[in-house]
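*Asks:* Following this message is one structure expressed as structure tokens.
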Amino acid sequence: MQRNFETSFVTQCAPVLAGLKVANLFRWVEPDASAMHAMAERWAAELEPKGVTVSIIKECPVTHAYLVYVYRAKSLEESLQQPDVQQYLLREGYPQGGLQECLDHLSRCLCCEAEFPHEIGVFLGYPLEDVVGFALPVVRWVPGWYGCAFGLPDRHPRLFAWRDSMPVVPGGRPCAGAMAWRCVVA
């Protein structure tokens, strides 16, 4: 079965497009670099008026893999401006700058490291205590949650609620074609 970029994009980024999550990151393999950049630019142009930014944050010329980062800049900037998050990022070597400076630094970390740096979690909207806790050897599973969490669900209700609030799409498939743009919440 051949994957389709648009379907994968909408499926992977649905919580961001619906305004339920601050950011998402997904991997896409495309041998044609100019086609990949054109797809990303097309989505960026369509979604920018709705407050959603699309960028290729990492690309590998050997494997033709791309990390596509989709985020709501205003919400992400607010999240990164929290004093505890700023202190954490400073300890991790991030600059005291604006959003773009932090994203540029993250991109360099992704390009230079074999594994994703733990701080990527704050760029995806996860609570800082979970980002820090995930680096620890002990993982606490939360009943009913599809992953691990270090904070209590009642302290982060929006994060824990987004997965259950996505609308059901007929046939279990995301919007396709021109209709996809209408699925995005401004």
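Quick note on naming: the chains in the structure tokens go A, B, ... in the order shown, residues restart at 1 in each chain, and ligands are numbered from 1 in order of appearance.
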Tell me, as a list in words, which residues lie within 12 Å of Gln81 (chain A), counting only C-alpha atoms; anything in the same chain fewer than 3 positions away does not count.
*Replies:*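 Here the answer would be Ala73, Lys74, Ser75, Leu76, Glu77, Glu78, Asp84, Val85, Gln86, Gln87, Tyr88, Leu89, Leu90, Gln96, Gly97, Gly98, Leu99, Cys102, Val122 and Phe123 of chain A.
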*Asks:* Restrict the selected residues to N, CA and C atoms and save them as a PDB file, in the first residue's frame.
*Replies:*
```
ATOM      1  N   ALA A  73       2.267  28.707  16.189  1.00  0.00           N
ATOM      2  CA  ALA A  73       3.357  29.549  16.686  1.00  0.00           C
ATOM      3  C   ALA A  73       2.989  30.316  17.950  1.00  0.00           C
ATOM      4  N   LYS A  74       1.814  30.904  17.977  1.00  0.00           N
ATOM      5  CA  LYS A  74       1.420  31.705  19.139  1.00  0.00           C
ATOM      6  C   LYS A  74       1.359  30.837  20.396  1.00  0.00           C
ATOM      7  N   SER A  75       0.728  29.688  20.302  1.00  0.00           N
ATOM      8  CA  SER A  75       0.617  28.788  21.450  1.00  0.00           C
ATOM      9  C   SER A  75       1.975  28.230  21.858  1.00  0.00           C
ATOM     10  N   LEU A  76       2.794  27.892  20.872  1.00  0.00           N
ATOM     11  CA  LEU A  76       4.121  27.358  21.168  1.00  0.00           C
ATOM     12  C   LEU A  76       4.976  28.412  21.858  1.00  0.00           C
ATOM     13  N   GLU A  77       4.920  29.627  21.350  1.00  0.00           N
ATOM     14  CA  GLU A  77       5.702  30.701  21.961  1.00  0.00           C
ATOM     15  C   GLU A  77       5.263  30.941  23.409  1.00  0.00           C
ATOM     16  N   GLU A  78       3.957  30.923  23.646  1.00  0.00           N
ATOM     17  CA  GLU A  78       3.455  31.084  25.016  1.00  0.00           C
ATOM     18  C   GLU A  78       3.967  29.960  25.912  1.00  0.00           C
ATOM     19  N   ASP A  84       9.669  28.219  33.968  1.00  0.00           N
ATOM     20  CA  ASP A  84      10.300  26.923  34.215  1.00  0.00           C
ATOM     21  C   ASP A  84      10.774  26.272  32.914  1.00  0.00           C
ATOM     22  N   VAL A  85      10.022  26.469  31.827  1.00  0.00           N
ATOM     23  CA  VAL A  85      10.426  25.930  30.525  1.00  0.00           C
ATOM     24  C   VAL A  85      11.658  26.678  30.022  1.00  0.00           C
ATOM     25  N   GLN A  86      11.683  28.004  30.167  1.00  0.00           N
ATOM     26  CA  GLN A  86      12.854  28.785  29.759  1.00  0.00           C
ATOM     27  C   GLN A  86      14.100  28.337  30.511  1.00  0.00           C
ATOM     28  N   GLN A  87      13.986  28.148  31.820  1.00  0.00           N
ATOM     29  CA  GLN A  87      15.131  27.702  32.617  1.00  0.00           C
ATOM     30  C   GLN A  87      15.618  26.333  32.145  1.00  0.00           C
ATOM     31  N   TYR A  88      14.674  25.449  31.878  1.00  0.00           N
ATOM     32  CA  TYR A  88      15.032  24.105  31.395  1.00  0.00           C
ATOM     33  C   TYR A  88      15.770  24.188  30.061  1.00  0.00           C
ATOM     34  N   LEU A  89      15.241  24.978  29.132  1.00  0.00           N
ATOM     35  CA  LEU A  89      15.881  25.084  27.821  1.00  0.00           C
ATOM     36  C   LEU A  89      17.257  25.732  27.921  1.00  0.00           C
ATOM     37  N   LEU A  90      17.409  26.712  28.794  1.00  0.00           N
ATOM     38  CA  LEU A  90      18.726  27.326  29.003  1.00  0.00           C
ATOM     39  C   LEU A  90      19.725  26.284  29.514  1.00  0.00           C
ATOM     40  N   GLN A  96      18.687  32.361  24.654  1.00  0.00           N
ATOM     41  CA  GLN A  96      17.636  33.220  25.203  1.00  0.00           C
ATOM     42  C   GLN A  96      17.156  34.098  24.063  1.00  0.00           C
ATOM     43  N   GLY A  97      16.306  33.590  23.276  1.00  0.00           N
ATOM     44  CA  GLY A  97      15.833  34.348  22.139  1.00  0.00           C
ATOM     45  C   GLY A  97      14.373  34.071  21.911  1.00  0.00           C
ATOM     46  N   GLY A  98      13.958  34.364  20.729  1.00  0.00           N
ATOM     47  CA  GLY A  98      12.577  34.130  20.368  1.00  0.00           C
ATOM     48  C   GLY A  98      12.357  32.708  19.900  1.00  0.00           C
ATOM     49  N   LEU A  99      11.166  32.485  19.424  1.00  0.00           N
ATOM     50  CA  LEU A  99      10.757  31.166  18.960  1.00  0.00           C
ATOM     51  C   LEU A  99      11.678  30.637  17.862  1.00  0.00           C
ATOM     52  N   CYS A 102      15.034  29.328  19.040  1.00  0.00           N
ATOM     53  CA  CYS A 102      14.889  28.030  19.710  1.00  0.00           C
ATOM     54  C   CYS A 102      14.663  26.906  18.698  1.00  0.00           C
ATOM     55  N   VAL A 122       8.950  19.609  24.964  1.00  0.00           N
ATOM     56  CA  VAL A 122       8.372  20.931  25.216  1.00  0.00           C
ATOM     57  C   VAL A 122       7.977  21.604  23.909  1.00  0.00           C
ATOM     58  N   PHE A 123       8.643  21.235  22.809  1.00  0.00           N
ATOM     59  CA  PHE A 123       8.294  21.782  21.497  1.00  0.00           C
ATOM     60  C   PHE A 123       7.065  21.097  20.902  1.00  0.00           C
TER      61      PHE A 123
END
```
*Asks:* Give one line per residue of region 43-130 of chain A that approaches region 1-24 of chain A to at most 6 Å, naming the two atoms of the closest pair and their distance in Å to one decimal, counting only C-alpha atoms; sort by chain then ascending residue number and deliver it as a Markdown table.
*Replies:*
```
| residue | atom | partner | partner_atom | distance |
| --- | --- | --- | --- | --- |
| A:Tyr69 | CA | A:Asn24 | CA | 5.9 |
| A:Val70 | CA | A:Asn24 | CA | 5.3 |
| A:Tyr71 | CA | A:Ala23 | CA | 4.0 |
| A:Arg72 | CA | A:Val22 | CA | 5.5 |
| A:Leu76 | CA | A:Val22 | CA | 5.9 |
| A:Leu124 | CA | A:Ala23 | CA | 4.7 |
| A:Gly125 | CA | A:Val22 | CA | 5.3 |
```
*Asks:* If you measure from CA of Leu25 (chain A) to CA of Gln82 (chain A), what distance in Å do you get, rounded to one decimal?
*Replies:* 21.6 Å
*Asks:* Quote the spacing between CA of Val131 (chain A) and CA of Pro83 (chain A) in Å to one decimal place.
*Replies:* 15.2 Å
*Asks:* So which one's closest to Pro127 (chain A), A:Leu80, A:Cys109, A:Glu115, A:Ser55? Using only C-alpha atoms, please.
*Replies:*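 Counting only C-alpha atoms, the residue closest to Pro127 (chain A) is A:Leu80.
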*Asks:* Report the residues of region 42-107 of chain A whose backbone DSSP state falls under helix (DSSP H, G or I), written as a VMD selection string.
*Replies:* chain A and resid 42 to 50 73 to 80 83 to 91 99 to 107
*Asks:* Can you tell me, as a JSON list (two decimals) with N, CA, C and O atoms, in the first residue's frame, what residues are no more than 7 Å from region 26-29 of chain A when counting only C-alpha atoms, ignoring any on the same chain fewer than 4 positions away?
*Replies:*
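Final file, selection-v7.json:
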```
[["chain", "number", "residue", "atom", "x", "y", "z"],
["A", 12, "GLN", "N", -1.60, 12.47, 10.96],
["A", 12, "GLN", "CA", -0.60, 12.70, 12.00],
["A", 12, "GLN", "C", -0.79, 14.02, 12.74],
["A", 12, "GLN", "O", -0.50, 14.12, 13.92],
["A", 64, "HIS", "N", 16.74, 10.37, 2.34],
["A", 64, "HIS", "CA", 15.62, 11.14, 1.79],
["A", 64, "HIS", "C", 14.46, 11.26, 2.79],
["A", 64, "HIS", "O", 13.30, 11.37, 2.40],
["A", 65, "ALA", "N", 14.81, 11.21, 4.08],
["A", 65, "ALA", "CA", 13.80, 11.34, 5.12],
["A", 65, "ALA", "C", 13.72, 12.80, 5.57],
["A", 65, "ALA", "O", 14.73, 13.50, 5.62],
["A", 66, "TYR", "N", 12.51, 13.22, 5.89],
["A", 66, "TYR", "CA", 12.26, 14.59, 6.33],
["A", 66, "TYR", "C", 11.44, 14.53, 7.62],
["A", 66, "TYR", "O", 10.54, 13.70, 7.75],
["A", 67, "LEU", "N", 11.76, 15.42, 8.55],
["A", 67, "LEU", "CA", 10.92, 15.60, 9.72],
["A", 67, "LEU", "C", 10.11, 16.86, 9.49],
["A", 67, "LEU", "O", 10.66, 17.95, 9.34],
["A", 68, "VAL", "N", 8.81, 16.69, 9.41],
["A", 68, "VAL", "CA", 7.89, 17.80, 9.16],
["A", 68, "VAL", "C", 7.32, 18.22, 10.51],
["A", 68, "VAL", "O", 6.72, 17.41, 11.22],
["A", 69, "TYR", "N", 7.54, 19.48, 10.85],
["A", 69, "TYR", "CA", 7.11, 20.03, 12.13],
["A", 69, "TYR", "C", 5.94, 20.97, 11.86],
["A", 69, "TYR", "O", 6.05, 21.92, 11.09]]
```
*Asks:* Between A:Gly121, A:Val62, A:Leu103, A:Leu128, which one has atoms that come closest to Glu30 (chain A), using only C-alpha atoms?
*Replies:*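 Of the candidates, the smallest distance to Glu30 (chain A) is held by A:Val62.
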*Asks:* Rounded to one decimal, what separation in Å do you get between CA of Leu110 (chain A) and CA of Lys50 (chain A)?
*Replies:*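 Separating CA of Leu110 (chain A) from CA of Lys50 (chain A) is a distance of 27.3 Å.
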*Asks:* Quick one: of A:Pro31, A:Ile57, A:Ala40, A:Ala45, who's nearest to Asp104 (chain A), counting only C-alpha atoms?
*Replies:* A:Ile57
